[in-house]
Amino acid sequence: MSTMLALLLVLLTLMVIVGGRSGIKSYLSIIINFGLVFIVALLISWGANIALTAACFVPLKLLTIIYLGTNETKIADKSFLISFIVTVIIVVLILGFNFLAQAPGIGEQSGEDLIGLSDAPGLSFAAIGVVVAIFSTLGAISEAAVAMSAGLIELKRQNQQLSMAKFYQSGLNIGEDILGTAVNTILFGFFGSFLALFIWYTRLNYTISQILNDKLFAQEFLIMCYSIIGVLLVIPLTTLVVSRSKKL
Amino acid sequence: MIILQKKYWYSIIILFIGLGTVLLTYFNTNYQSTIAVVTQAKKISAEKVKDQYDNTDHEITQKLTLKVLNHQHRGQSYHLKNTYEQSQLEDQKYHKNQRVFVQVRNGQLTISNVKRDWVIILMVFTLILLMVVLIGAKSWLVLMSLLLNTVIFYVVIHFDIQKNGSGTIMIYSLAAIIFATVSFLLYQGIHKKMWAMLTSTIVALLISFGLCYLIMRLTNERGITYMAVEYATQNPRSLFIGQTLLGVLGAVMDESTDIVSSLSEIIYHNPKITGKQLWHSGRAIGQEIMGPLINVLFLIFMADALPMTILYLRNNNTIAYTFEYTLSLGVLQSLISAIGIVLTVPTATICAYYFLIKKEGHQ
């Protein structure tokens, strides 16, 4: 048996034991999410319009993560709305910063991996970079949106008479905690993703200035910041949306 | 009102410091390398090219004029032809007014890199400003933890290089424990809730990694293509293990915090709660956060491999081959992380029971 298959089976078993029915749903959401990433790669490689592909698959991915990940439709509805709005704002931010950074394509560090591959594939790698950035932030945005709206909806149900000011203060308190933990998840996720690259920089004695100007560093650093900003934007927006909704 | 005003002043101060720093970095020419600015960029030709797989691309030639801004050739202008593919996979297009690092040799100028440090600084200040405006007082804690963890990361990397890829599991397990301890001390301070969170994080991490390592050994690591580890400057297997241990750490910390603090609220309101009831509550909370959390890491690991996946597919590689060389390691990393995230649910519940009920002597 291959290691991957064994891990897949162990994960399924554990998720059923710990999560029961919702464990199976979460497991499904991961499998579907993987399928979606792969379909996006296939479509783009076949020459599909990159912007259109992203516009179709971003909502699909949010739907998968949020509706299969949460058990209550009310929370899921709000989380989906909020994640979608935040994603739209983040896309504008990504387009702006990616233009300023002028860091398209694959870094010089990949040299060896590119041997035998075409250097004129006829696809805009600047646009693909934008898709990568958007996809990377989706997980963090939707997780924060689910956590935040679950907390706030529960709060509103328990205290119907809460004044607007108090509600906003509570929203901020919950938001602070969510930001703190979400930043850790994002930060270590990226440490884990780019350990090899940072070891490369250190081994080859890159100066601070060389690292800050490096194409790959710019790509990765910006993606990490987009995710954190996404979580940041979720906090006030959720407070606003939940405070305005009448029926919960 | 006073708090609001304070926030308002902080934001204005940060805005101005930020703007100043970005401009200073942008115009800074005090580098070891030579810097030039593109004063003219004109497209002179575009040619249709086909690669060996019949993909059509456009090869574009630009005529650039650059003015050197520092060192011995300061003030001199150079002309240069830049040829790039429209896909900008390895080479790229240059714009008017763009600042670049160059090399001048024998009267010939070549562009070595784009100046991007000011964009990084701009992003840092955008992030700080948004944090202060939207969150306020607690943002300095988040920023502190980002900074401290980065410093520790830097030390860990030096240590790893010194050991040259040996003792990886030891190094990164210890690093994970240090990262977790520092973060929890910073966010939570010393109290029993923090001990429950920290213990849960470390135990969940070690058990899940131990389990996954055992599975890897039992299956003889079949199908793990270590060759596909990117940017490997040392044994790729050790890199993979280090990356996996670090990658899952944040999520396990996140989840331990959520479960322990929710359970501690429940225990506070109902001190007579039994172990069985607590177990049910812990499971219920865990079920809600498990799925989205796994997807956070999954997307970070997967999205990163997307450009290479597309490139491999575009080069007529089979789906199986492409998967093996571009996505499989990310999938494995995600699966190991997912196992860690699932195992954190019982661990955090047991730790909450042990530290918050048993030690208190409620029962």
# chains A, B, ... in the order shown; residues from 1 in each chain; ligands from 1
$ residues_around --residues "Ile30 of chain A" --least-positions-apart "6" --cutoff "9 Å" --atoms "only C-alpha atoms" --output "list in words"
Thr64 and Ile65 of chain A; Gly291, Ile294, Asn295 and Phe298 of chain B
$ write_last_selection --atoms "N, CA and C atoms" --output "PDB file, in the first residue's frame"
ATOM      1  N   THR A  64     -18.056  24.836  -0.955  1.00  0.00           N
ATOM      2  CA  THR A  64     -17.604  23.534  -0.451  1.00  0.00           C
ATOM      3  C   THR A  64     -17.100  23.648   0.979  1.00  0.00           C
ATOM      4  N   ILE A  65     -16.213  24.622   1.199  1.00  0.00           N
ATOM      5  CA  ILE A  65     -15.593  24.728   2.530  1.00  0.00           C
ATOM      6  C   ILE A  65     -16.660  25.056   3.569  1.00  0.00           C
TER       7      ILE A  65
ATOM      8  N   GLY B 291     -13.142  20.910  10.050  1.00  0.00           N
ATOM      9  CA  GLY B 291     -13.191  20.957   8.582  1.00  0.00           C
ATOM     10  C   GLY B 291     -12.587  22.225   7.997  1.00  0.00           C
ATOM     11  N   ILE B 294      -8.739  22.396   8.422  1.00  0.00           N
ATOM     12  CA  ILE B 294      -7.979  21.535   7.513  1.00  0.00           C
ATOM     13  C   ILE B 294      -7.891  22.202   6.144  1.00  0.00           C
ATOM     14  N   ASN B 295      -9.003  22.832   5.729  1.00  0.00           N
ATOM     15  CA  ASN B 295      -9.013  23.476   4.421  1.00  0.00           C
ATOM     16  C   ASN B 295      -8.072  24.677   4.335  1.00  0.00           C
ATOM     17  N   PHE B 298      -4.727  23.097   3.712  1.00  0.00           N
ATOM     18  CA  PHE B 298      -4.800  22.415   2.430  1.00  0.00           C
ATOM     19  C   PHE B 298      -4.646  23.414   1.284  1.00  0.00           C
TER      20      PHE B 298
END
$ residues_around --residues "Trp46 of chain A" --least-positions-apart "5" --cutoff "10 Å" --atoms "only C-alpha atoms" --output "VMD selection string"
(chain A and resid 40 to 41 123) or (chain B and resid 55 310 313 to 314)
$ write_last_selection --atoms "N, CA and C atoms" --output "compact mmCIF listing (two decimals), in the first residue's frame"
# COMPACT_ATOMS: atom_id res chain seq x y z
N VAL A 40 -9.19 23.16 -11.88
CA VAL A 40 -8.72 24.49 -12.26
C VAL A 40 -7.39 24.38 -13.03
N ALA A 41 -6.47 23.57 -12.49
CA ALA A 41 -5.17 23.40 -13.17
C ALA A 41 -5.38 22.84 -14.57
N LEU A 123 0.75 30.92 -21.66
CA LEU A 123 -0.25 31.23 -20.64
C LEU A 123 0.31 32.37 -19.80
N ASN B 55 2.23 24.89 -28.24
CA ASN B 55 1.62 26.01 -27.52
C ASN B 55 2.07 27.30 -28.18
N ILE B 310 0.22 23.48 -13.62
CA ILE B 310 -0.26 23.95 -14.92
C ILE B 310 0.84 23.82 -15.97
N LEU B 313 1.30 20.17 -16.96
CA LEU B 313 0.20 19.71 -17.82
C LEU B 313 0.32 20.31 -19.22
N ARG B 314 0.72 21.57 -19.25
CA ARG B 314 0.88 22.27 -20.52
C ARG B 314 1.97 21.64 -21.38
$ residues_around --residues "Lys193 of chain B" --least-positions-apart "4" --cutoff "12 Å" --atoms "only C-alpha atoms" --output "ChimeraX atom specification"
/B:184-185,187-189,197-200,256-265,267-268,348-349,351-357,359-360
$ residues_around --residues "segment 199-202 of chain A" --least-positions-apart "4" --cutoff "10 Å" --atoms "only C-alpha atoms" --output "PyMOL selection string"
(chain A and resi 109+194-195+206-208+210-211+214+217) or (chain B and resi 154+156-158+160-161+231-234+239)
$ interface_residues --of "chain A" --to "chain B" --cutoff "6 Å" --atoms "only C-alpha atoms" --output "MDAnalysis selection string"
chainID A and resid 2:3 11 19 26 41 45 69:70 101 105:106 120:125 132 135:136 139:140 143 180:181 184:185 188:189 192 195:197 212:213
$ atom_distance --atom1 "atom CA of Gln169 of chain A" --atom2 "atom CA of Thr181 of chain B"
29.1 Å
$ atom_distance --atom1 "atom CA of Ala76 of chain A" --atom2 "atom CA of Leu232 of chain A"
19.1 Å
$ atom_distance --atom1 "atom CA of Phe198 of chain A" --atom2 "atom CA of Ser166 of chain B"
17.3 Å
